[in-house]
Every structure is written in C-alpha cells, then in structure tokens.
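Asks: Handing you this structure, nothing more for now.
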Amino acid sequence: MTERFTALYHVRAEAASIEARAAAIAVEQSVEMPLKAIDSPEVLRDVVGRVEAIEDLGGDLFEVRIALAVTTVDGDAGQLLNMAFGNTSLHDDVTLQDLELPPELVAQLGGPRHGAAGLRSQAGARGRAMTCSAIKPQGLPPARLAELAERLAAGGLDFVKDDHGLADQHFAPFAVRVPGCAAAVRRAAAITGHPTRYVPSLSGDVGAMRRQLALVRDEGLDTVMIAPMLAGFANVQALGREFPNIAWIAHPTMGGAARIAPALLIGKLFPLIGADAVIFPNHGGRFGYSEATCRRIAETARAAGPGLRGALPVPAGGMTLARVPEMLDFYGRDTMLLIGGNLLSTRERLTEATSAFTRTVAAHSHARNP
C-alpha cells in the first residue's frame, strides 16, 4: 500500500452536493482526469486521491480530508504545494486548511537547518526574546541605507534586515548595498560588543539569488531573508541545500494571494522548506489577522517534530514600541519582535529609541522568566 499524506480543506457547499464536491477535489488533486479513462489498476489503487472524511462545520461549510500519494511529491517542495492545492486553488469555494505529513516526507523536505535555537545562538540572545528592525524606504542610495543600518545596530539589535522591497534596483544595487550595510553593522557591533546580524533580502531569478548568496557568504554574513511565494518553494528548498551554513528568514509577501490558512502556509510550510524564522502580520497592526490566527502561526512555527527543528515566529506589520510588553506577554520569549517604521520615525533619535527597544525586550523577558 502506497504511503499517503492528508490534505484538509474547508469547502463551502450545500449538504446535498458535498460528497460529489469532495470526490471531485480528490480526483483534481491527484490524476486530474475522468477515472473511467484510466486503464491502470496501479494508478487507480495507489495514486488517485481518497476522501477520508467529511465533517459538517455548520453554515454550509465542511472540512474535507483527502489522502494523497506521497510518491506524487517525491520530496519536491513545489510539487507538494501543487499536489495539495494546485488546480483546486482556482475554485473560490475551497481553502487549504492544513496538511498532515508522514515523517518520511518531512525528512525529504528538510525543515529548518538552524531553527530558533540556531538564530538565538548567532545573536547571543539567551533567556529573552530577540529583536529586529528593517532599513527602509526603498529609493535611498546605498550610503544612506548603510547609515540607517549602523544607527540601528548601535542600539543593540539582534538583527538588522533589508526591507523586503529592496531588491537589485539601480538606486541601491545588491552588490553595492550589501557590502556597505555589512560593514556598517560590523562597525556598530565592534563598539557595542553585541553580535548584531545584517540580513540581506534575496530577489530575482534563481541564478540571481545564487549569485547574491555567494556574495553574502563572501561578506561573512550568515543570515538572509527570502519571500517563498515570490521565489518559489522549490527554489528556496534548493538554495537552502546549496548554502546550508546560512540561516533563512521567510517574508510573507504575497502570502494572502491564495486561500491557504496562514498557520499552514507561514507556520508550517515555510519552515518545512527551510525557513529558520517566519515573519507574519501581528494582530492589531496594518493587517487583519486575529489574535487566534497569530497564536496558531506562532505555535505551529515553533513546533518541532522528529528530526525537525522549531522555527522562530517574528510578529510584525505596523508594530510600535508601546506594544512591546503586550507582545512579549502574548508570544513569550521564544519570539523575535520586528519594529521598523515606528523606530525609523524617531529620525535623529533612532539609535536612542532602538536602544530603549532592546532594553525593554531584555527587561520584560527576564521579568516574565526570572
């Protein structure tokens, strides 16, 4: 009997039609053709999707569990997404809610190589939450971005990352921006004594990202940021294997473009393809995630299984210094807090405000966990 993984869908349908709808999804996500046209008993037995269960959630909403063949994935992260939700994502009455994967498939996908513990070790952040900010806006030249990076690092942050809008634009080319910002952060770290990490953002096609990673490695950097929904799951998986000594922070841009539950997409799938930390929109910020959704993302990201490291949740998106204690109470210290615009808005007081941010995180973390 072939090994299977289970996809859980939320489907809007009338009770009279849900069984047929579920069967159609099972076929669409496996063989994508009429079963009567298949003359192979092996394909019918081992490859065609099977409806395992249908649960009425009320209000014409049903949870449908479908078992799909692991052999159709074969360890390819992009193919996992394709088999779980490819064509069915085109139907606006279906959401991919979760995936239950057997240990062998999890091992093939790889998971985080460094995880939350690795990031904590890099930053020398023991017994407290971690801190991060972003250099922005795009449009600034490399020298201005490096200046911002140095001032943020002087405040004792653990990570200073590129804004995800920074790519390889003519106003701040990657090959100029990254060495300049890396040198600026190193200068600040030499003064503070804290090992602040600069985190460049990767972009472009896979060849461009491979060249960018080589430059990152040559600059002595050990952490990068990538947007899996733009770069492609298979490319993230492949690049992670090529550069195993580099830690990966996943950015959620375009994560809302498909009907995939945030806890699955950001909390489970991003770490499965190699993200050591996952950024997501915190409740009460610029985006509409609820407290329950944010808690599920954080808990799912942190969850470690056999041979799988937990990833670090990074709530962000319009966060303010005033909310730091509240966020630490909500997420605990196994978290990285990311505050960008609110720090940058302090302008000439940027280093002072950043220092206050890092001190507040340390003090509150230790107060909650003496």
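By order in the structure tokens, chains are A, B, ...; within a chain, residues start at 1; ligands start at 1, following the order shown.
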Using DSSP assignments from the backbone, pull out every residue in region 15-224 of chain A that falls under strand (DSSP E) and give it to me as an MDAnalysis selection string.

Replies: chainID A and resid 50:58 61:69 94:100 130:135 159:162 197:199 223:224

Asks: Those residues you just picked out, can you put them in a file as a CSV table (one decimal), in the first residue's frame with N, CA and C atoms?

Replies:
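Generated file (out-v6.csv):
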chain,number,residue,atom,x,y,z
A,50,ARG,N,-8.0,9.8,-2.2
A,50,ARG,CA,-9.1,9.2,-1.5
A,50,ARG,C,-9.8,10.1,-0.5
A,51,VAL,N,-11.1,10.3,-0.5
A,51,VAL,CA,-11.8,11.1,0.5
A,51,VAL,C,-11.8,10.2,1.8
A,52,GLU,N,-11.2,10.7,2.9
A,52,GLU,CA,-11.2,10.0,4.1
A,52,GLU,C,-12.3,10.4,5.0
A,53,ALA,N,-12.7,11.6,5.0
A,53,ALA,CA,-13.8,12.1,5.9
A,53,ALA,C,-14.3,13.4,5.5
A,54,ILE,N,-15.6,13.6,5.9
A,54,ILE,CA,-16.3,14.9,5.6
A,54,ILE,C,-17.0,15.3,6.9
A,55,GLU,N,-16.6,16.5,7.4
A,55,GLU,CA,-17.2,16.9,8.7
A,55,GLU,C,-18.0,18.2,8.4
A,56,ASP,N,-19.3,18.3,8.9
A,56,ASP,CA,-20.1,19.5,8.7
A,56,ASP,C,-19.7,20.5,9.8
A,57,LEU,N,-19.2,21.6,9.4
A,57,LEU,CA,-18.8,22.7,10.4
A,57,LEU,C,-19.9,23.7,10.6
A,58,GLY,N,-21.0,23.5,9.9
A,58,GLY,CA,-22.2,24.4,10.1
A,58,GLY,C,-22.1,25.6,9.0
A,61,LEU,N,-20.5,25.0,5.5
A,61,LEU,CA,-19.0,24.9,5.5
A,61,LEU,C,-18.6,23.5,6.0
A,62,PHE,N,-17.8,22.8,5.2
A,62,PHE,CA,-17.4,21.4,5.5
A,62,PHE,C,-15.9,21.3,5.5
A,63,GLU,N,-15.4,20.4,6.5
A,63,GLU,CA,-14.0,20.1,6.4
A,63,GLU,C,-13.9,18.7,5.7
A,64,VAL,N,-13.1,18.7,4.7
A,64,VAL,CA,-12.9,17.5,3.8
A,64,VAL,C,-11.5,17.1,4.0
A,65,ARG,N,-11.3,15.8,4.3
A,65,ARG,CA,-9.9,15.2,4.5
A,65,ARG,C,-9.7,14.3,3.3
A,66,ILE,N,-8.6,14.5,2.5
A,66,ILE,CA,-8.3,13.8,1.4
A,66,ILE,C,-6.9,13.2,1.5
A,67,ALA,N,-6.7,11.9,1.2
A,67,ALA,CA,-5.4,11.3,1.3
A,67,ALA,C,-4.8,11.3,-0.1
A,68,LEU,N,-3.6,11.8,-0.2
A,68,LEU,CA,-2.9,11.9,-1.5
A,68,LEU,C,-1.6,11.1,-1.4
A,69,ALA,N,-1.1,10.6,-2.6
A,69,ALA,CA,0.1,9.7,-2.6
A,69,ALA,C,1.3,10.5,-2.4
A,94,VAL,N,-13.0,26.9,-1.9
A,94,VAL,CA,-12.1,25.9,-1.2
A,94,VAL,C,-10.9,26.7,-0.5
A,95,THR,N,-10.6,26.4,0.7
A,95,THR,CA,-9.4,26.8,1.4
A,95,THR,C,-8.6,25.6,1.8
A,96,LEU,N,-7.3,25.6,1.6
A,96,LEU,CA,-6.4,24.6,2.1
A,96,LEU,C,-6.1,24.9,3.5
A,97,GLN,N,-6.6,24.1,4.5
A,97,GLN,CA,-6.6,24.4,5.9
A,97,GLN,C,-5.3,23.9,6.6
A,98,ASP,N,-4.9,22.6,6.2
A,98,ASP,CA,-3.8,22.0,6.9
A,98,ASP,C,-3.3,20.8,6.1
A,99,LEU,N,-2.1,20.4,6.4
A,99,LEU,CA,-1.5,19.2,5.8
A,99,LEU,C,-1.0,18.3,6.9
A,100,GLU,N,-1.2,17.0,6.9
A,100,GLU,CA,-0.7,16.1,7.8
A,100,GLU,C,0.3,15.2,7.0
A,130,MET,N,14.1,38.0,21.0
A,130,MET,CA,15.1,38.6,20.1
A,130,MET,C,14.5,39.9,19.4
A,131,THR,N,15.3,40.7,18.9
A,131,THR,CA,14.9,42.0,18.3
A,131,THR,C,15.4,42.1,16.9
A,132,CYS,N,14.6,42.9,16.1
A,132,CYS,CA,14.9,43.1,14.7
A,132,CYS,C,14.3,44.4,14.2
A,133,SER,N,14.9,45.0,13.2
A,133,SER,CA,14.3,46.1,12.5
A,133,SER,C,14.7,46.1,11.1
A,134,ALA,N,14.2,47.0,10.3
A,134,ALA,CA,14.4,47.0,8.8
A,134,ALA,C,14.9,48.3,8.4
A,135,ILE,N,15.8,48.3,7.4
A,135,ILE,CA,16.2,49.5,6.8
A,135,ILE,C,15.3,49.8,5.6
A,159,PHE,N,19.1,41.6,15.0
A,159,PHE,CA,19.1,41.5,13.5
A,159,PHE,C,18.7,42.9,12.9
A,160,VAL,N,19.4,43.3,11.9
A,160,VAL,CA,19.0,44.4,11.1
A,160,VAL,C,18.8,43.9,9.6
A,161,LYS,N,17.6,44.0,9.1
A,161,LYS,CA,17.4,43.4,7.8
A,161,LYS,C,17.0,44.4,6.8
A,162,ASP,N,17.2,44.0,5.5
A,162,ASP,CA,16.7,44.8,4.4
A,162,ASP,C,15.2,44.8,4.5
A,197,ARG,N,23.4,41.0,13.6
A,197,ARG,CA,23.5,40.4,12.3
A,197,ARG,C,22.8,41.3,11.3
A,198,TYR,N,23.4,41.5,10.1
A,198,TYR,CA,22.8,42.1,9.0
A,198,TYR,C,22.2,41.1,8.1
A,199,VAL,N,20.9,41.3,7.7
A,199,VAL,CA,20.2,40.3,6.9
A,199,VAL,C,19.8,40.8,5.6
A,223,THR,N,23.0,35.1,7.6
A,223,THR,CA,21.5,35.1,7.6
A,223,THR,C,21.0,35.9,6.4
A,224,VAL,N,20.0,35.4,5.8
A,224,VAL,CA,19.3,36.1,4.7
A,224,VAL,C,17.8,36.1,4.8

Asks: List as JSON, numbers by chain the protein and nucleic acid residues near Asp163 (chain A), meaning an atom at most 12 Å away when only C-alpha atoms are counted, but skip any in the same chain fewer than 3 places from it.

Replies: {"A": [132, 133, 134, 135, 136, 137, 138, 139, 140, 145, 148, 149, 160, 166, 167, 198, 199, 200, 201, 202, 203, 224, 225, 226, 227, 251, 253, 317, 338, 339, 340, 341]}

Asks: Please dump the current selection as a compact mmCIF listing (two decimals), in the first residue's frame; keep N, CA and C atoms.

Replies:
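Wrote it out as result-v4.txt, contents follow:
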# COMPACT_ATOMS: atom_id res chain seq x y z
N CYS A 132 14.61 42.90 16.13
CA CYS A 132 14.93 43.10 14.72
C CYS A 132 14.31 44.41 14.24
N SER A 133 14.93 45.01 13.24
CA SER A 133 14.33 46.14 12.54
C SER A 133 14.72 46.07 11.08
N ALA A 134 14.17 46.98 10.28
CA ALA A 134 14.39 46.97 8.84
C ALA A 134 14.88 48.32 8.36
N ILE A 135 15.79 48.29 7.38
CA ILE A 135 16.24 49.54 6.76
C ILE A 135 15.34 49.83 5.57
N LYS A 136 14.82 51.04 5.53
CA LYS A 136 13.89 51.49 4.50
C LYS A 136 13.80 53.00 4.54
N PRO A 137 13.21 53.68 3.58
CA PRO A 137 12.44 53.14 2.45
C PRO A 137 13.31 52.83 1.24
N GLN A 138 12.77 52.02 0.34
CA GLN A 138 13.45 51.85 -0.93
C GLN A 138 13.46 53.19 -1.65
N GLY A 139 14.47 53.39 -2.44
CA GLY A 139 14.69 54.69 -3.09
C GLY A 139 15.92 55.39 -2.55
N LEU A 140 16.35 55.03 -1.33
CA LEU A 140 17.56 55.60 -0.76
C LEU A 140 18.79 54.96 -1.41
N LEU A 145 21.31 53.90 3.27
CA LEU A 145 20.83 52.65 3.88
C LEU A 145 21.86 52.12 4.88
N LEU A 148 21.61 54.07 8.09
CA LEU A 148 20.49 53.61 8.92
C LEU A 148 20.82 52.28 9.60
N ALA A 149 21.44 51.37 8.85
CA ALA A 149 21.80 50.07 9.41
C ALA A 149 22.75 50.24 10.60
N VAL A 160 19.39 43.29 11.87
CA VAL A 160 19.01 44.45 11.06
C VAL A 160 18.85 43.93 9.64
N LEU A 166 13.47 46.11 -0.99
CA LEU A 166 14.82 46.29 -1.54
C LEU A 166 15.19 45.05 -2.35
N ALA A 167 15.55 45.26 -3.61
CA ALA A 167 15.91 44.14 -4.47
C ALA A 167 17.29 44.42 -5.07
N TYR A 198 23.45 41.47 10.11
CA TYR A 198 22.80 42.13 8.98
C TYR A 198 22.19 41.06 8.08
N VAL A 199 20.95 41.28 7.66
CA VAL A 199 20.18 40.27 6.91
C VAL A 199 19.78 40.84 5.55
N PRO A 200 20.51 40.53 4.48
CA PRO A 200 20.12 40.99 3.15
C PRO A 200 18.88 40.26 2.64
N SER A 201 18.12 40.92 1.78
CA SER A 201 16.94 40.33 1.16
C SER A 201 17.29 39.84 -0.23
N LEU A 202 17.00 38.56 -0.51
CA LEU A 202 17.27 37.98 -1.82
C LEU A 202 16.12 38.27 -2.78
N SER A 203 16.44 38.38 -4.06
CA SER A 203 15.39 38.64 -5.06
C SER A 203 15.89 38.20 -6.43
N VAL A 224 19.97 35.41 5.78
CA VAL A 224 19.33 36.14 4.68
C VAL A 224 17.82 36.08 4.85
N MET A 225 17.13 36.93 4.10
CA MET A 225 15.67 36.90 4.05
C MET A 225 15.23 36.57 2.64
N ILE A 226 14.16 35.79 2.54
CA ILE A 226 13.63 35.42 1.23
C ILE A 226 12.10 35.36 1.32
N ALA A 227 11.44 35.63 0.21
CA ALA A 227 9.97 35.57 0.13
C ALA A 227 9.60 34.31 -0.64
N HIS A 251 9.84 35.88 4.46
CA HIS A 251 8.94 37.03 4.46
C HIS A 251 7.59 36.60 3.85
N THR A 253 5.27 38.21 2.08
CA THR A 253 4.65 38.93 0.97
C THR A 253 4.01 37.97 -0.04
N GLY A 317 4.54 44.18 11.21
CA GLY A 317 3.49 44.84 10.45
C GLY A 317 2.85 45.99 11.19
N LEU A 338 9.84 42.46 15.55
CA LEU A 338 10.31 43.25 14.41
C LEU A 338 9.57 44.58 14.38
N ILE A 339 10.28 45.66 14.64
CA ILE A 339 9.69 47.00 14.58
C ILE A 339 10.51 47.82 13.58
N GLY A 340 9.85 48.31 12.54
CA GLY A 340 10.54 49.07 11.51
C GLY A 340 10.20 50.53 11.51
N GLY A 341 9.06 50.87 10.90
CA GLY A 341 8.70 52.27 10.71
C GLY A 341 8.60 53.07 11.99

Asks: Neighbours of Glu326 (chain A) within 12 Å (only C-alpha atoms; same-chain residues fewer than 6 positions away dropped), as a PDB file with N, CA and C atoms, in the first residue's frame?

Replies:
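Saved to result_16.pdb:
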ATOM      1  N   ASN A 282       1.252  40.787  12.766  1.00  0.00           N
ATOM      2  CA  ASN A 282       0.701  40.683  14.109  1.00  0.00           C
ATOM      3  C   ASN A 282      -0.700  41.285  14.168  1.00  0.00           C
ATOM      4  N   HIS A 283      -1.515  40.780  15.068  1.00  0.00           N
ATOM      5  CA  HIS A 283      -2.858  41.328  15.256  1.00  0.00           C
ATOM      6  C   HIS A 283      -2.761  42.776  15.764  1.00  0.00           C
ATOM      7  N   GLY A 284      -3.710  43.590  15.352  1.00  0.00           N
ATOM      8  CA  GLY A 284      -3.732  44.972  15.807  1.00  0.00           C
ATOM      9  C   GLY A 284      -2.808  45.891  15.036  1.00  0.00           C
ATOM     10  N   MET A 319       4.060  47.455  14.011  1.00  0.00           N
ATOM     11  CA  MET A 319       4.201  47.353  15.460  1.00  0.00           C
ATOM     12  C   MET A 319       4.885  48.599  16.023  1.00  0.00           C
ATOM     13  N   THR A 320       4.576  48.908  17.275  1.00  0.00           N
ATOM     14  CA  THR A 320       5.105  50.108  17.931  1.00  0.00           C
ATOM     15  C   THR A 320       5.858  49.736  19.197  1.00  0.00           C
ATOM     16  N   GLY A 332       5.605  35.385  24.391  1.00  0.00           N
ATOM     17  CA  GLY A 332       6.684  34.824  25.185  1.00  0.00           C
ATOM     18  C   GLY A 332       8.041  35.133  24.587  1.00  0.00           C
ATOM     19  N   ARG A 333       9.091  34.594  25.218  1.00  0.00           N
ATOM     20  CA  ARG A 333      10.444  34.982  24.809  1.00  0.00           C
ATOM     21  C   ARG A 333      10.972  34.206  23.613  1.00  0.00           C
ATOM     22  N   LEU A 337      10.858  40.133  17.918  1.00  0.00           N
ATOM     23  CA  LEU A 337       9.995  41.278  17.652  1.00  0.00           C
ATOM     24  C   LEU A 337      10.628  42.137  16.566  1.00  0.00           C
ATOM     25  N   THR A 360      14.022  47.259  26.733  1.00  0.00           N
ATOM     26  CA  THR A 360      12.684  46.878  27.170  1.00  0.00           C
ATOM     27  C   THR A 360      12.437  45.387  26.937  1.00  0.00           C
ATOM     28  N   VAL A 361      12.868  44.898  25.794  1.00  0.00           N
ATOM     29  CA  VAL A 361      12.700  43.468  25.486  1.00  0.00           C
ATOM     30  C   VAL A 361      13.462  42.619  26.497  1.00  0.00           C
ATOM     31  N   HIS A 364      11.776  42.950  30.078  1.00  0.00           N
ATOM     32  CA  HIS A 364      10.467  42.306  30.189  1.00  0.00           C
ATOM     33  C   HIS A 364      10.603  40.793  30.072  1.00  0.00           C
ATOM     34  N   SER A 365      11.501  40.328  29.202  1.00  0.00           N
ATOM     35  CA  SER A 365      11.700  38.887  29.060  1.00  0.00           C
ATOM     36  C   SER A 365      12.182  38.279  30.368  1.00  0.00           C
ATOM     37  N   ARG A 368       9.447  38.198  33.091  1.00  0.00           N
ATOM     38  CA  ARG A 368       8.473  37.138  32.924  1.00  0.00           C
ATOM     39  C   ARG A 368       9.084  35.772  33.200  1.00  0.00           C
TER      40      ARG A 368
END

Asks: Nearest to Asp276 (chain A): which of A:Phe174, A:Phe233, A:Tyr289, A:Trp248 is it, counting only C-alpha atoms?

Replies: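 Closest to Asp276 (chain A) of all the choices is A:Trp248.
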
Asks: Need to verify the contact set: Ile25 (chain A), 12 Å, only C-alpha atoms, exclusion of same-chain residues closer than 3 positions in sequence. Can you return it as a ChimeraX atom specification?

Replies: /A:7-11,18-22,28-33,48-51,64-68,83-91,93-96

Asks: What lies within 8 Å of Ala298 (chain A) using only C-alpha atoms, ignoring chain neighbours under 2 positions off, as a list in words?

Replies: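 Listing them by chain and then by number gives Ala263, Gly267, Cys294, Arg295, Arg296, Thr300, Ala301, Arg302, Leu312, Pro313 and Tyr331 of chain A.
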
Asks: Take the residues that were just selected and, keeping C-alpha atoms, output them as an mmCIF file, in the first residue's frame.

Replies:
data_model
loop_
_atom_site.group_PDB
_atom_site.id
_atom_site.type_symbol
_atom_site.label_atom_id
_atom_site.label_comp_id
_atom_site.auth_asym_id
_atom_site.auth_seq_id
_atom_site.Cartn_x
_atom_site.Cartn_y
_atom_site.Cartn_z
ATOM 1 C CA ALA A 263 -0.926 28.782 10.161
ATOM 2 C CA GLY A 267 3.712 28.492 10.294
ATOM 3 C CA CYS A 294 -1.389 34.822 15.180
ATOM 4 C CA ARG A 295 -1.211 32.404 18.085
ATOM 5 C CA ARG A 296 -1.705 29.444 15.725
ATOM 6 C CA THR A 300 2.869 25.937 14.539
ATOM 7 C CA ALA A 301 6.204 27.549 13.640
ATOM 8 C CA ARG A 302 7.746 26.635 16.987
ATOM 9 C CA LEU A 312 11.185 31.338 15.277
ATOM 10 C CA PRO A 313 7.952 33.371 14.948
ATOM 11 C CA TYR A 331 4.128 35.443 22.435
#

Asks: Got a sec to tell me which of region 167-343 of chain A DSSP assigns to helix (DSSP H, G or I), as a PyMOL selection string?

Replies: chain A and resi 174-192+206-218+228-231+233-242+262-272+291-302+321-331+341-343

Asks: Mind pulling up the distance from CA of Leu264 (chain A) to CA of Ala77 (chain A)?

Replies: 13.9 Å

Asks: Ranking A:Gly318, A:Gly256, A:Gly127, A:Gly232 by minimum distance to Gly285 (chain A) and counting only C-alpha atoms, which one comes first?

Replies: A:Gly318

Asks: What's around Leu109 (chain A) at 7 Å? Count only C-alpha atoms, leave out sequence neighbours fewer than 3 positions away in its own chain, and write the answer as an mmCIF file with N, CA and C atoms, in the first residue's frame.

Replies:
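Okay, around_27.cif is ready:
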data_model
loop_
_atom_site.group_PDB
_atom_site.id
_atom_site.type_symbol
_atom_site.label_atom_id
_atom_site.label_comp_id
_atom_site.auth_asym_id
_atom_site.auth_seq_id
_atom_site.Cartn_x
_atom_site.Cartn_y
_atom_site.Cartn_z
ATOM 1 N N GLY A 75 9.546 14.418 -2.559
ATOM 2 C CA GLY A 75 10.481 15.299 -1.875
ATOM 3 C C GLY A 75 10.617 16.684 -2.447
ATOM 4 N N ASP A 76 9.826 17.048 -3.456
ATOM 5 C CA ASP A 76 9.903 18.358 -4.114
ATOM 6 C C ASP A 76 8.927 19.316 -3.435
ATOM 7 N N ALA A 77 9.439 20.401 -2.836
ATOM 8 C CA ALA A 77 8.596 21.328 -2.088
ATOM 9 C C ALA A 77 7.554 22.010 -2.977
ATOM 10 N N LEU A 105 8.240 12.082 4.499
ATOM 11 C CA LEU A 105 8.103 13.240 3.625
ATOM 12 C C LEU A 105 8.678 14.482 4.295
ATOM 13 N N VAL A 106 8.443 14.627 5.593
ATOM 14 C CA VAL A 106 9.035 15.746 6.330
ATOM 15 C C VAL A 106 10.551 15.705 6.207
ATOM 16 N N LEU A 272 9.060 24.103 6.760
ATOM 17 C CA LEU A 272 9.341 22.815 6.133
ATOM 18 C C LEU A 272 10.316 22.943 4.969
ATOM 19 N N ILE A 273 10.268 24.060 4.233
ATOM 20 C CA ILE A 273 11.170 24.224 3.096
ATOM 21 C C ILE A 273 12.456 24.933 3.494
#

Asks: Which residue is closest to Pro315 (chain A)? Choose from A:Phe280, A:Phe330, A:Phe243, A:Phe287 and count only C-alpha atoms.

Replies: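 Smallest distance to Pro315 (chain A) is found for A:Phe280.
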
Asks: From the list A:Asp205, A:Asp60, A:Arg211, A:Leu35, which residue is nearest Arg12 (chain A) when using only C-alpha atoms?

Replies: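 Of the candidates, the smallest distance to Arg12 (chain A) is held by A:Asp60.
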
Asks: What is the distance between CA of Gly288 (chain A) and CA of Ala303 (chain A), in Å to one decimal?

Replies: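 It comes out at 23.9 Å.
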